[in-house]
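Asker: Contents are compact mmCIF, C-alpha atoms and all ligand atoms; file name coords_24.txt:
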# COMPACT_ATOMS: atom_id res chain seq x y z
CA GLY A 1 27.03 -52.47 -71.95
CA THR A 2 30.19 -53.31 -73.86
CA ASP A 3 28.44 -52.91 -77.20
CA ARG A 4 28.09 -49.16 -76.67
CA LEU A 5 30.15 -46.81 -78.80
CA ALA A 6 32.62 -44.88 -76.66
CA ALA A 7 31.30 -41.74 -78.38
CA ASP A 8 27.84 -42.59 -76.98
CA PHE A 9 28.94 -41.03 -73.71
CA TYR A 10 25.52 -40.88 -72.09
CA GLY A 11 24.41 -44.33 -73.29
CA PHE A 12 21.68 -43.11 -75.62
CA GLN A 13 21.74 -46.50 -77.35
CA ASP A 14 19.72 -47.82 -74.39
CA GLU A 15 16.71 -45.92 -75.80
CA LEU A 16 16.42 -48.60 -78.48
CA THR A 17 14.22 -51.65 -77.94
CA PRO A 18 16.09 -54.98 -77.63
CA VAL A 19 15.15 -55.86 -81.22
CA GLU A 20 16.29 -52.46 -82.51
CA ARG A 21 19.51 -52.66 -80.56
CA GLU A 22 20.27 -56.08 -81.98
CA ALA A 23 19.55 -54.72 -85.48
CA SER A 24 21.85 -51.75 -84.98
CA LEU A 25 24.67 -54.05 -83.82
CA ARG A 26 24.20 -56.21 -86.92
CA LEU A 27 24.35 -53.05 -89.01
CA ARG A 28 27.51 -51.89 -87.21
CA ASP A 29 29.12 -55.26 -87.86
CA PHE A 30 28.15 -55.16 -91.56
CA MET A 31 29.54 -51.65 -91.96
CA GLU A 32 32.82 -52.65 -90.31
CA ARG A 33 33.23 -55.82 -92.37
CA GLU A 34 31.80 -54.88 -95.76
CA VAL A 35 32.04 -51.11 -96.08
CA ARG A 36 34.92 -49.73 -94.00
CA PRO A 37 37.62 -51.76 -95.79
CA ILE A 38 36.56 -50.57 -99.26
CA ALA A 39 35.04 -47.12 -98.71
CA THR A 40 38.22 -45.05 -99.04
CA ASP A 41 39.22 -46.60 -102.36
CA TYR A 42 35.73 -46.32 -103.82
CA TRP A 43 35.63 -42.71 -102.65
CA ASP A 44 38.99 -42.03 -104.26
CA ARG A 45 37.81 -43.50 -107.57
CA ALA A 46 34.35 -41.88 -107.24
CA GLU A 47 32.66 -45.23 -107.81
CA PHE A 48 29.65 -46.81 -106.11
CA PRO A 49 30.08 -50.32 -104.58
CA SER A 50 26.80 -51.87 -105.74
CA GLN A 51 27.75 -55.17 -104.08
CA ILE A 52 26.73 -53.69 -100.69
CA ILE A 53 23.08 -53.19 -101.74
CA PRO A 54 21.76 -56.71 -100.89
CA GLY A 55 23.38 -56.60 -97.44
CA LEU A 56 21.88 -53.20 -96.69
CA ALA A 57 18.48 -54.52 -97.81
CA ASP A 58 18.78 -57.60 -95.55
CA LEU A 59 19.50 -55.29 -92.62
CA GLY A 60 16.20 -53.51 -93.25
CA MET A 61 17.75 -50.25 -94.45
CA PHE A 62 15.24 -49.64 -97.27
CA GLY A 63 11.76 -48.57 -96.22
CA ALA A 64 11.87 -49.53 -92.52
CA MET A 65 9.05 -47.06 -91.91
CA TRP A 66 6.43 -48.60 -94.21
CA PRO A 67 4.32 -51.73 -93.61
CA GLU A 68 5.11 -53.10 -97.09
CA THR A 69 8.84 -53.13 -96.41
CA GLN A 70 9.61 -53.09 -92.70
CA ARG A 71 11.46 -56.17 -91.45
CA PHE A 72 10.49 -55.69 -87.79
CA GLU A 73 8.58 -53.20 -85.70
CA ASN A 74 10.74 -50.10 -85.39
CA SER A 75 10.68 -46.49 -84.29
CA ALA A 76 11.97 -43.24 -85.77
CA VAL A 77 14.61 -43.41 -83.03
CA TRP A 78 15.95 -46.65 -84.51
CA ARG A 79 15.81 -45.36 -88.07
CA GLY A 80 17.78 -42.34 -86.94
CA TRP A 81 20.25 -44.48 -85.03
CA ALA A 82 20.76 -46.53 -88.21
CA ALA A 83 21.65 -43.31 -90.08
CA LEU A 84 24.22 -42.64 -87.34
CA GLU A 85 25.74 -46.12 -87.75
CA LEU A 86 25.91 -45.68 -91.54
CA GLY A 87 27.35 -42.15 -91.37
CA ARG A 88 29.94 -43.18 -88.80
CA VAL A 89 31.60 -45.51 -91.29
CA ASP A 90 30.77 -43.92 -94.62
CA PRO A 91 28.66 -40.78 -95.17
CA SER A 92 28.20 -41.70 -98.86
CA THR A 93 26.59 -45.02 -97.93
CA ALA A 94 24.34 -43.15 -95.51
CA THR A 95 23.41 -40.76 -98.32
CA PHE A 96 22.73 -43.61 -100.76
CA VAL A 97 20.35 -45.13 -98.19
CA GLY A 98 18.82 -41.72 -97.49
CA VAL A 99 17.97 -41.27 -101.16
CA GLN A 100 16.62 -44.81 -101.71
CA SER A 101 14.77 -45.26 -98.44
CA GLY A 102 14.04 -41.72 -97.31
CA LEU A 103 13.52 -39.62 -100.41
CA ALA A 104 12.43 -42.07 -103.12
CA MET A 105 10.47 -44.67 -101.14
CA SER A 106 8.85 -42.09 -98.85
CA SER A 107 7.67 -40.14 -101.90
CA ILE A 108 5.97 -43.28 -103.22
CA ALA A 109 4.61 -44.24 -99.78
CA ILE A 110 3.23 -40.75 -99.09
CA GLY A 111 2.23 -39.78 -102.63
CA GLY A 112 1.43 -43.11 -104.23
CA SER A 113 -1.80 -45.07 -104.72
CA PRO A 114 -2.16 -48.50 -103.03
CA GLU A 115 -1.32 -50.06 -106.43
CA GLN A 116 1.85 -47.96 -106.83
CA ARG A 117 2.93 -48.78 -103.28
CA ALA A 118 2.41 -52.50 -103.92
CA GLN A 119 4.25 -52.31 -107.24
CA TRP A 120 7.33 -50.37 -106.15
CA LEU A 121 7.92 -50.59 -102.41
CA PRO A 122 8.55 -54.35 -101.98
CA PRO A 123 11.23 -54.63 -104.72
CA MET A 124 12.79 -51.36 -103.56
CA GLY A 125 12.80 -52.71 -100.00
CA ARG A 126 14.70 -55.77 -101.22
CA GLY A 127 17.16 -53.51 -103.04
CA GLU A 128 16.19 -55.04 -106.39
CA LEU A 129 15.02 -51.69 -107.71
CA ILE A 130 16.82 -48.44 -106.96
CA GLY A 131 15.13 -45.07 -106.72
CA ALA A 132 16.10 -41.41 -106.94
CA PHE A 133 14.45 -38.11 -106.08
CA GLY A 134 14.55 -35.28 -108.59
CA LEU A 135 13.65 -31.96 -107.05
CA THR A 136 16.67 -29.64 -107.40
CA GLU A 137 17.23 -27.94 -110.75
CA PRO A 138 20.14 -26.04 -112.27
CA LEU A 139 18.34 -22.77 -111.52
CA SER A 140 16.60 -23.70 -108.25
CA GLY A 141 18.12 -25.21 -105.11
CA SER A 142 16.99 -23.45 -101.94
CA ASP A 143 14.17 -21.96 -103.98
CA SER A 144 12.90 -25.39 -105.01
CA SER A 145 9.24 -24.66 -104.41
CA LYS A 146 8.46 -21.37 -106.14
CA GLY A 147 11.51 -21.66 -108.40
CA LEU A 148 10.69 -25.12 -109.80
CA ARG A 149 10.65 -24.81 -113.60
CA THR A 150 10.29 -28.36 -114.94
CA THR A 151 6.87 -28.56 -116.59
CA ALA A 152 4.22 -31.27 -116.93
CA GLU A 153 1.53 -30.96 -119.56
CA ARG A 154 -1.38 -33.36 -119.76
CA HIS A 155 -2.50 -34.85 -123.08
CA GLY A 156 -5.30 -37.34 -122.34
CA ASP A 157 -3.82 -40.15 -120.26
CA THR A 158 -0.24 -39.05 -120.89
CA TRP A 159 1.86 -36.34 -119.30
CA VAL A 160 4.74 -34.69 -121.16
CA LEU A 161 7.64 -33.51 -118.98
CA ASN A 162 10.21 -30.91 -120.00
CA GLY A 163 13.02 -29.41 -117.98
CA ALA A 164 16.26 -30.17 -116.17
CA LYS A 165 17.32 -31.47 -112.76
CA ARG A 166 20.66 -31.22 -110.99
CA TRP A 167 22.44 -33.09 -108.20
CA ILE A 168 20.11 -36.08 -108.30
CA GLY A 169 21.69 -38.84 -106.17
CA ASN A 170 21.61 -42.46 -107.49
CA ALA A 171 20.12 -41.18 -110.76
CA THR A 172 22.86 -42.56 -113.04
CA PHE A 173 21.75 -46.12 -112.29
CA ALA A 174 18.30 -45.73 -110.70
CA ASP A 175 15.43 -47.81 -112.07
CA VAL A 176 12.94 -45.08 -111.19
CA VAL A 177 13.32 -41.38 -110.51
CA VAL A 178 10.60 -39.39 -108.75
CA ILE A 179 10.44 -36.23 -110.85
CA TRP A 180 8.80 -33.16 -109.38
CA ALA A 181 7.27 -30.97 -112.09
CA ARG A 182 4.84 -28.08 -112.33
CA ASP A 183 1.48 -28.79 -113.94
CA VAL A 184 1.25 -25.96 -116.48
CA ALA A 185 -2.56 -25.95 -116.34
CA GLU A 186 -2.90 -25.81 -112.54
CA GLY A 187 0.40 -24.23 -111.56
CA GLN A 188 0.92 -26.81 -108.76
CA VAL A 189 3.84 -29.21 -108.27
CA LYS A 190 3.10 -32.86 -109.05
CA GLY A 191 5.18 -36.05 -108.73
CA PHE A 192 5.90 -38.52 -111.54
CA LEU A 193 7.58 -41.93 -111.57
CA VAL A 194 9.97 -41.85 -114.51
CA ARG A 195 11.53 -45.20 -115.42
CA ARG A 196 15.05 -45.63 -116.64
CA GLY A 197 15.24 -45.76 -120.42
CA THR A 198 12.17 -43.60 -121.06
CA PRO A 199 12.80 -41.70 -124.32
CA GLY A 200 13.87 -38.08 -123.73
CA PHE A 201 15.17 -38.84 -120.19
CA THR A 202 18.97 -38.62 -119.93
CA THR A 203 21.35 -38.57 -116.97
CA THR A 204 24.93 -37.32 -116.90
CA LYS A 205 27.15 -38.02 -113.90
CA ILE A 206 28.50 -34.94 -112.13
CA GLU A 207 32.27 -35.41 -112.17
CA ARG A 208 35.08 -34.00 -110.02
CA LYS A 209 33.02 -33.71 -106.83
CA GLN A 210 35.12 -33.23 -103.70
CA ALA A 211 32.59 -34.57 -101.21
CA LEU A 212 30.50 -37.77 -100.99
CA ARG A 213 32.40 -39.02 -104.01
CA ILE A 214 30.84 -42.50 -103.75
CA VAL A 215 27.36 -41.05 -104.32
CA GLN A 216 26.56 -40.88 -108.02
CA ASN A 217 24.93 -37.50 -108.57
CA ALA A 218 23.53 -36.61 -111.96
CA ASP A 219 22.35 -33.81 -114.14
CA ILE A 220 19.09 -34.88 -115.76
CA THR A 221 17.43 -33.55 -118.87
CA LEU A 222 13.77 -34.16 -119.59
CA ASP A 223 13.03 -33.56 -123.23
CA GLY A 224 9.41 -34.38 -124.05
CA VAL A 225 9.40 -37.33 -121.62
CA ARG A 226 6.03 -39.12 -121.79
CA VAL A 227 4.66 -40.55 -118.54
CA ASP A 228 1.34 -42.41 -118.13
CA GLU A 229 -1.24 -40.92 -115.81
CA ALA A 230 -0.91 -44.27 -113.94
CA ASP A 231 2.68 -43.23 -113.05
CA ARG A 232 1.69 -39.89 -111.53
CA LEU A 233 1.63 -39.89 -107.71
CA PRO A 234 -2.08 -39.19 -107.05
CA ASN A 235 -1.71 -38.01 -103.44
CA ILE A 236 0.64 -35.17 -104.31
CA HIS A 237 -1.38 -32.03 -104.81
CA SER A 238 1.23 -29.35 -104.26
CA PHE A 239 4.67 -28.68 -102.77
CA ARG A 240 3.08 -29.18 -99.34
CA GLU A 241 3.32 -32.97 -99.76
CA VAL A 242 6.94 -32.72 -100.95
CA ALA A 243 7.63 -30.96 -97.65
CA LEU A 244 6.13 -33.97 -95.79
CA VAL A 245 8.83 -36.16 -97.34
CA LEU A 246 11.57 -33.65 -96.54
CA ARG A 247 10.42 -33.40 -92.92
CA LEU A 248 11.14 -37.12 -92.49
CA THR A 249 14.43 -37.13 -94.34
CA ARG A 250 15.82 -33.98 -92.73
CA ALA A 251 15.55 -35.55 -89.30
CA GLU A 252 17.51 -38.54 -90.60
CA VAL A 253 20.17 -36.31 -92.14
CA ALA A 254 20.60 -34.76 -88.69
CA TRP A 255 21.34 -38.27 -87.37
CA GLN A 256 23.68 -38.84 -90.30
CA ALA A 257 25.55 -35.69 -89.23
CA VAL A 258 25.96 -37.23 -85.78
CA GLY A 259 27.45 -40.32 -87.41
CA VAL A 260 29.94 -38.19 -89.34
CA GLN A 261 31.02 -36.58 -86.07
CA VAL A 262 31.39 -39.96 -84.35
CA GLY A 263 33.45 -41.38 -87.21
CA ALA A 264 35.84 -38.42 -87.26
CA TYR A 265 36.07 -38.31 -83.46
CA GLU A 266 36.93 -42.02 -83.17
CA ALA A 267 39.74 -41.60 -85.69
CA ALA A 268 41.04 -38.52 -83.82
CA VAL A 269 40.99 -40.26 -80.42
CA ARG A 270 42.89 -43.21 -81.87
CA TYR A 271 45.43 -40.97 -83.57
CA ALA A 272 45.97 -38.82 -80.48
CA GLY A 273 46.84 -41.95 -78.50
CA GLU A 274 49.40 -43.11 -81.08
CA ARG A 275 51.04 -39.92 -82.30
CA GLN A 276 54.01 -38.88 -80.19
CA GLN A 277 55.39 -35.35 -79.99
CA PHE A 278 57.68 -33.89 -77.35
CA GLY A 279 58.27 -37.47 -76.19
CA ARG A 280 54.62 -38.13 -75.24
CA PRO A 281 51.38 -39.08 -76.99
CA ILE A 282 49.64 -35.90 -78.11
CA ALA A 283 46.57 -37.24 -76.20
CA SER A 284 48.41 -36.25 -72.99
CA PHE A 285 48.36 -32.53 -73.84
CA GLN A 286 45.71 -30.39 -72.20
CA LEU A 287 44.82 -28.57 -75.41
CA VAL A 288 44.29 -31.87 -77.24
CA GLN A 289 42.07 -33.15 -74.43
CA ASP A 290 40.10 -29.91 -74.57
CA ARG A 291 39.45 -30.43 -78.28
CA LEU A 292 38.38 -34.05 -77.73
CA ALA A 293 36.07 -33.03 -74.90
CA SER A 294 34.55 -30.32 -77.11
CA CYS A 295 33.95 -32.87 -79.88
CA LEU A 296 32.28 -35.20 -77.40
CA GLY A 297 30.11 -32.32 -76.21
CA ASN A 298 29.02 -31.62 -79.80
CA ILE A 299 28.24 -35.29 -80.39
CA THR A 300 26.32 -35.67 -77.14
CA ALA A 301 24.25 -32.50 -77.67
CA SER A 302 23.50 -33.53 -81.26
CA ILE A 303 22.33 -37.01 -80.27
CA ALA A 304 20.08 -35.61 -77.52
CA LEU A 305 18.47 -33.22 -80.00
CA CYS A 306 18.03 -35.91 -82.66
CA LEU A 307 16.62 -38.35 -80.16
CA GLN A 308 13.89 -35.94 -79.14
CA VAL A 309 13.00 -35.00 -82.72
CA SER A 310 12.64 -38.73 -83.52
CA ARG A 311 10.47 -39.28 -80.45
CA MET A 312 8.30 -36.39 -81.66
CA GLN A 313 8.02 -38.15 -85.03
CA ASP A 314 6.96 -41.36 -83.29
CA GLN A 315 4.35 -39.37 -81.34
CA GLY A 316 3.09 -37.67 -84.53
CA ARG A 317 4.02 -34.17 -83.39
CA GLN A 318 7.15 -33.45 -85.42
CA GLY A 319 6.71 -30.33 -87.54
CA ASP A 320 8.85 -28.98 -90.38
CA GLU A 321 10.47 -26.53 -87.96
CA HIS A 322 11.49 -29.30 -85.53
CA ALA A 323 13.22 -31.33 -88.26
CA ALA A 324 14.77 -28.12 -89.63
CA LEU A 325 16.26 -27.13 -86.26
CA ALA A 326 17.77 -30.60 -85.83
CA LYS A 327 19.26 -30.63 -89.35
CA GLY A 328 20.67 -27.12 -89.12
CA TYR A 329 22.04 -27.59 -85.61
CA ALA A 330 23.54 -31.07 -85.98
CA THR A 331 25.22 -30.21 -89.28
CA THR A 332 26.70 -27.02 -87.82
CA ARG A 333 28.13 -28.99 -84.88
CA MET A 334 29.34 -31.57 -87.41
CA ARG A 335 31.29 -28.99 -89.37
CA GLU A 336 32.96 -27.79 -86.17
CA THR A 337 33.73 -31.34 -84.98
CA VAL A 338 35.26 -32.57 -88.24
CA ALA A 339 37.42 -29.44 -88.47
CA TRP A 340 38.76 -30.01 -84.94
CA CYS A 341 39.40 -33.69 -85.70
CA ARG A 342 41.15 -32.75 -88.94
CA GLU A 343 43.31 -30.34 -87.00
CA LEU A 344 44.24 -32.99 -84.40
CA LEU A 345 45.81 -35.10 -87.14
CA GLY A 346 48.06 -32.31 -88.32
CA GLY A 347 49.21 -32.90 -91.90
CA ASN A 348 47.87 -36.45 -91.85
CA GLY A 349 44.42 -34.92 -91.44
CA ILE A 350 44.36 -34.10 -95.14
CA VAL A 351 45.40 -37.59 -96.33
CA LEU A 352 42.61 -40.10 -97.02
CA ASP A 353 44.47 -43.02 -95.38
CA HIS A 354 44.33 -41.57 -91.88
CA GLY A 355 40.55 -41.73 -91.53
CA VAL A 356 39.51 -38.09 -91.06
CA ALA A 357 40.00 -36.38 -94.45
CA LYS A 358 37.00 -38.15 -96.00
CA PHE A 359 34.68 -37.14 -93.15
CA PHE A 360 36.01 -33.60 -93.36
CA ALA A 361 35.22 -33.39 -97.08
CA ASP A 362 31.89 -35.25 -96.93
CA ALA A 363 30.63 -33.00 -94.14
CA GLU A 364 30.49 -30.07 -96.54
CA ALA A 365 27.87 -31.76 -98.74
CA VAL A 366 25.82 -33.00 -95.76
CA TYR A 367 25.86 -29.40 -94.48
CA SER A 368 24.36 -28.07 -97.74
CA PHE A 369 21.95 -30.74 -99.00
CA GLU A 370 18.35 -31.28 -97.83
CA GLY A 371 18.23 -27.57 -97.16
CA THR A 372 21.28 -25.49 -96.29
CA ARG A 373 21.83 -24.31 -92.74
CA ASP A 374 20.43 -20.93 -93.81
CA MET A 375 17.19 -22.35 -95.20
CA ASN A 376 16.63 -24.67 -92.24
CA ASN A 377 17.18 -21.78 -89.85
CA LEU A 378 14.75 -19.66 -91.88
CA ILE A 379 12.12 -22.41 -91.47
CA VAL A 380 12.74 -22.18 -87.71
CA GLY A 381 12.72 -18.39 -87.93
CA ARG A 382 9.32 -18.49 -89.59
CA ALA A 383 8.03 -20.62 -86.70
CA ILE A 384 9.50 -18.21 -84.15
CA THR A 385 8.27 -14.98 -85.70
CA GLY A 386 5.29 -15.99 -87.82
CA VAL A 387 6.90 -14.27 -90.80
CA SER A 388 8.53 -16.10 -93.71
CA ALA A 389 11.82 -14.52 -94.76
CA PHE A 390 11.99 -16.51 -98.00
CA VAL A 391 8.58 -16.65 -99.66
P1 LIG A 401 21.61 -22.24 -103.50
O1 LIG A 401 20.16 -22.41 -103.24
O2 LIG A 401 22.01 -21.56 -104.76
O3 LIG A 401 22.25 -21.51 -102.26
C1 LIG A 401 23.55 -20.90 -102.30
C2 LIG A 401 23.76 -20.18 -100.97
O4 LIG A 401 22.78 -19.14 -100.82
C3 LIG A 401 23.57 -21.10 -99.76
O5 LIG A 401 24.50 -20.77 -98.75
C4 LIG A 401 22.16 -20.77 -99.30
O6 LIG A 401 21.95 -21.05 -97.91
C5 LIG A 401 22.09 -19.30 -99.59
N1 LIG A 401 20.70 -18.85 -99.76
C6 LIG A 401 19.83 -19.12 -100.77
N2 LIG A 401 18.68 -18.53 -100.54
C7 LIG A 401 18.77 -17.88 -99.37
C8 LIG A 401 17.88 -17.08 -98.57
N3 LIG A 401 16.61 -16.85 -98.95
N4 LIG A 401 18.34 -16.55 -97.42
C9 LIG A 401 19.62 -16.81 -97.00
N5 LIG A 401 20.50 -17.54 -97.70
C10 LIG A 401 20.06 -18.08 -98.86
N6 LIG A 401 18.65 -32.52 -104.73
C11 LIG A 401 17.67 -33.40 -105.12
O7 LIG A 401 16.60 -32.99 -105.56
N7 LIG A 401 17.88 -34.73 -105.06
C12 LIG A 401 19.04 -35.26 -104.60
O8 LIG A 401 19.18 -36.50 -104.56
C13 LIG A 401 20.08 -34.39 -104.18
N8 LIG A 401 21.27 -34.88 -103.73
C14 LIG A 401 22.31 -34.01 -103.46
C15 LIG A 401 23.56 -34.53 -103.15
C16 LIG A 401 24.65 -33.68 -103.00
C17 LIG A 401 25.99 -34.24 -102.76
C18 LIG A 401 24.46 -32.27 -103.08
C19 LIG A 401 25.60 -31.32 -102.92
C20 LIG A 401 23.22 -31.78 -103.34
C21 LIG A 401 22.12 -32.61 -103.55
N9 LIG A 401 20.85 -32.12 -103.88
C22 LIG A 401 19.85 -32.99 -104.27
C23 LIG A 401 20.64 -30.68 -104.00
C24 LIG A 401 20.61 -29.95 -102.66
O9 LIG A 401 19.41 -30.18 -102.02
C25 LIG A 401 20.90 -28.47 -102.94
O10 LIG A 401 22.28 -28.37 -103.27
C26 LIG A 401 20.58 -27.58 -101.76
O11 LIG A 401 19.19 -27.53 -101.54
C27 LIG A 401 21.13 -26.15 -101.95
O12 LIG A 401 20.78 -25.65 -103.20
P2 LIG A 401 21.89 -25.00 -104.14
O13 LIG A 401 23.07 -25.92 -104.15
O14 LIG A 401 21.25 -24.70 -105.44
O15 LIG A 401 22.34 -23.68 -103.44
Take the structure from the file and write it as structure tokens.

Answerer:
Amino acid sequence: GTDRLAADFYGFQDELTPVEREASLRLRDFMEREVRPIATDYWDRAEFPSQIIPGLADLGMFGAMWPETQRFENSAVWRGWAALELGRVDPSTATFVGVQSGLAMSSIAIGGSPEQRAQWLPPMGRGELIGAFGLTEPLSGSDSSKGLRTTAERHGDTWVLNGAKRWIGNATFADVVVIWARDVAEGQVKGFLVRRGTPGFTTTKIERKQALRIVQNADITLDGVRVDEADRLPNIHSFREVALVLRLTRAEVAWQAVGVQVGAYEAAVRYAGERQQFGRPIASFQLVQDRLASCLGNITASIALCLQVSRMQDQGRQGDEHAALAKGYATTRMRETVAWCRELLGGNGIVLDHGVAKFFADAEAVYSFEGTRDMNNLIVGRAITGVSAFV
């Protein structure tokens, strides 16, 4: 149909149900009208456009997976496709949604009691409350399981948290941050809902970032932060349940990486048609067409992979290694694609106004967060060989 993206060369969009397809077109329209015109300036100023939150909520972007918050019946394929549509216009907006919907809400949905789900998920689904996910620490990134140092000590019905977190997206303004901490008595990782304003809990924005500048990432310090037992996630018994959350979000980051490729590719195709050298549009040169065809190959292969990993999620047979392969592969293709697109714009490829420089920069963060390529490939390597190279 005419509503297909040109970059959707094989018509993968037809995999969506009519309702999902309609929803993805509404999302595309919202992103074009409300986000594309402002994204570059917000990125340049490293500010977050909070006015887009209600619109994203109305489009069902927050918690589409969970019965408390889903606006219509939907599949993992649609949720992935939505990440593509978000990433295609602004990777920071996709990341904001990934933190709120994927990391924070999924932690509460998977780890929370029925009361916690009822308390937090509906207002988060409406975008009235914003969440964050605090796993990474200054001294542990890839080694976030064994290396996690933040401690939780129980005193009656209160837990006392001490430690530090780094890189936590949305945390500067989040109403609630899921803090992962090690129970000193048991040695296992537990999850805690820490509300904004709790004494001893401070966030400091990470300045001078050169990727995903719209996303507000924070350093957090936890200095004797007291949390009620009622705000501990009771279904989290160890890092194993944290991995269940990451399995879902990694697959969506793979889709986000497809969106980044599509956004950069569209800008490069447009530019190649307009830019004249040697008296002809550069699009007429064989080497330029080769680059564009290679980008389209990367996009098409990435979508096919993501589509299957989402179908596996819908069928309940997606493992950590399947999500890891998709994330590692799609982000590697993304890095190649955005570099080729950058190159096709010549000098203008490094200027924000020409539509590729932002994708080029943002891709670097998408490549490294939610597990670097190395760590995701090591998860696959463990599945291949039966031997873990990192524990
Ligand atoms: P390191 O772990 O120090 O890795 C450095 C390099 O060493 C990498 O290339 C890595 O692949 C390699 N390496 C490490 N160990 C091995 C090994 N065993 N074998 C081979 N190579 C290895 N975290 C959160 O908890 N919440 C968030 O909301 C969040 N948002 C983020 C947003 C952005 C923009 C960024 C950049 C990060 C965010 N993170 C967040 C943190 C992110 O998940 C980590 O940056 C990521 O896991 C990598 O950790 P690290 O940066 O400490 O790198």

Asker: Report the distance between atom C22 of ligand LIG 401 (chain A) and CA of Ala304 in chain A in Å, rounded to one decimal place.

Answerer: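 Computed distance, atom C22 of ligand LIG 401 (chain A) to CA of Ala304 in chain A, equals 26.9 Å.
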
Asker: Taking 4 positions as the minimum chain separation for residues in the same chain, which residues sit within 8 Å of range 254-266 of chain A when counting all atoms listed in the file? Answer as a VMD selection string.

Answerer: chain A and resid 7 80 to 81 83 to 91 94 250 270 292 295 to 296 299 302 to 303 306 326 to 331 334 337 to 338 341 to 342 355 to 356 359 to 360 363 366

Asker: For the residues selected in the previous step, produce a file with C-alpha atoms as a CSV table (one decimal), keeping the file's coordinate frame.

Answerer:
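So the final result, stored in result34.csv, reads:
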chain,number,residue,atom,x,y,z
A,7,ALA,CA,31.3,-41.7,-78.4
A,80,GLY,CA,17.8,-42.3,-86.9
A,81,TRP,CA,20.2,-44.5,-85.0
A,83,ALA,CA,21.6,-43.3,-90.1
A,84,LEU,CA,24.2,-42.6,-87.3
A,85,GLU,CA,25.7,-46.1,-87.8
A,86,LEU,CA,25.9,-45.7,-91.5
A,87,GLY,CA,27.4,-42.2,-91.4
A,88,ARG,CA,29.9,-43.2,-88.8
A,89,VAL,CA,31.6,-45.5,-91.3
A,90,ASP,CA,30.8,-43.9,-94.6
A,91,PRO,CA,28.7,-40.8,-95.2
A,94,ALA,CA,24.3,-43.2,-95.5
A,250,ARG,CA,15.8,-34.0,-92.7
A,270,ARG,CA,42.9,-43.2,-81.9
A,292,LEU,CA,38.4,-34.0,-77.7
A,295,CYS,CA,34.0,-32.9,-79.9
A,296,LEU,CA,32.3,-35.2,-77.4
A,299,ILE,CA,28.2,-35.3,-80.4
A,302,SER,CA,23.5,-33.5,-81.3
A,303,ILE,CA,22.3,-37.0,-80.3
A,306,CYS,CA,18.0,-35.9,-82.7
A,326,ALA,CA,17.8,-30.6,-85.8
A,327,LYS,CA,19.3,-30.6,-89.4
A,328,GLY,CA,20.7,-27.1,-89.1
A,329,TYR,CA,22.0,-27.6,-85.6
A,330,ALA,CA,23.5,-31.1,-86.0
A,331,THR,CA,25.2,-30.2,-89.3
A,334,MET,CA,29.3,-31.6,-87.4
A,337,THR,CA,33.7,-31.3,-85.0
A,338,VAL,CA,35.3,-32.6,-88.2
A,341,CYS,CA,39.4,-33.7,-85.7
A,342,ARG,CA,41.2,-32.8,-88.9
A,355,GLY,CA,40.6,-41.7,-91.5
A,356,VAL,CA,39.5,-38.1,-91.1
A,359,PHE,CA,34.7,-37.1,-93.2
A,360,PHE,CA,36.0,-33.6,-93.4
A,363,ALA,CA,30.6,-33.0,-94.1
A,366,VAL,CA,25.8,-33.0,-95.8

Asker: Using all atoms listed in the file, which residue out of A:Ala324, A:Ala46, A:Ala339, A:Met65 lies closest to Arg247 in chain A?

Answerer: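 Looking only at the distances to Arg247 in chain A, the closest residue turns out to be A:Ala324.
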
Asker: Under the rule of at most 9 Å, produce a per-residue listing of chain A near ligand LIG 401 (chain A): chain, number, name, the closest pair of atoms, and the distance in Å, as a tab-separated table, using only C-alpha atoms and all ligand atoms.

Answerer:
residue	atom	partner	partner_atom	distance
A:Ser92	CA	A:LIG401	C17	8.7
A:Thr95	CA	A:LIG401	C15	7.9
A:Phe96	CA	A:LIG401	O8	8.8
A:Gly98	CA	A:LIG401	O8	8.8
A:Val99	CA	A:LIG401	O8	6.0
A:Leu103	CA	A:LIG401	O8	7.7
A:Ala104	CA	A:LIG401	O8	8.9
A:Ala132	CA	A:LIG401	O8	6.3
A:Phe133	CA	A:LIG401	N7	4.9
A:Gly134	CA	A:LIG401	O7	4.3
A:Leu135	CA	A:LIG401	O7	3.5
A:Thr136	CA	A:LIG401	O7	3.8
A:Glu137	CA	A:LIG401	O7	7.3
A:Pro138	CA	A:LIG401	O14	7.0
A:Leu139	CA	A:LIG401	O14	7.0
A:Ser140	CA	A:LIG401	O14	5.5
A:Gly141	CA	A:LIG401	O14	3.2
A:Ser142	CA	A:LIG401	O1	3.6
A:Asp143	CA	A:LIG401	O1	6.1
A:Ser144	CA	A:LIG401	O11	7.5
A:Lys165	CA	A:LIG401	O7	7.4
A:Arg166	CA	A:LIG401	N6	6.7
A:Trp167	CA	A:LIG401	C21	4.7
A:Ile168	CA	A:LIG401	O8	3.9
A:Gly169	CA	A:LIG401	O8	3.8
A:Asn170	CA	A:LIG401	O8	7.1
A:Ala171	CA	A:LIG401	O8	7.8
A:Ile179	CA	A:LIG401	O7	8.7
A:Trp180	CA	A:LIG401	O7	8.7
A:Lys209	CA	A:LIG401	C17	8.1
A:Ala211	CA	A:LIG401	C17	6.8
A:Leu212	CA	A:LIG401	C17	6.0
A:Arg213	CA	A:LIG401	C17	8.1
A:Val215	CA	A:LIG401	C17	7.1
A:Gln216	CA	A:LIG401	C17	8.5
A:Asn217	CA	A:LIG401	C15	6.3
A:Ala218	CA	A:LIG401	O8	8.6
A:Asp362	CA	A:LIG401	C17	8.4
A:Glu364	CA	A:LIG401	C19	8.1
A:Ala365	CA	A:LIG401	C19	4.8
A:Val366	CA	A:LIG401	C17	7.1
A:Tyr367	CA	A:LIG401	C19	8.7
A:Ser368	CA	A:LIG401	C26	5.5
A:Phe369	CA	A:LIG401	C24	4.0
A:Glu370	CA	A:LIG401	O9	4.5
A:Gly371	CA	A:LIG401	O11	4.5
A:Thr372	CA	A:LIG401	O6	4.8
A:Arg373	CA	A:LIG401	O6	6.1
A:Asp374	CA	A:LIG401	O6	4.4
A:Met375	CA	A:LIG401	O6	5.6
A:Asn376	CA	A:LIG401	O6	8.6
A:Leu378	CA	A:LIG401	N4	7.3
A:Ala389	CA	A:LIG401	N3	6.8
A:Phe390	CA	A:LIG401	N3	4.7
A:Val391	CA	A:LIG401	N3	8.1
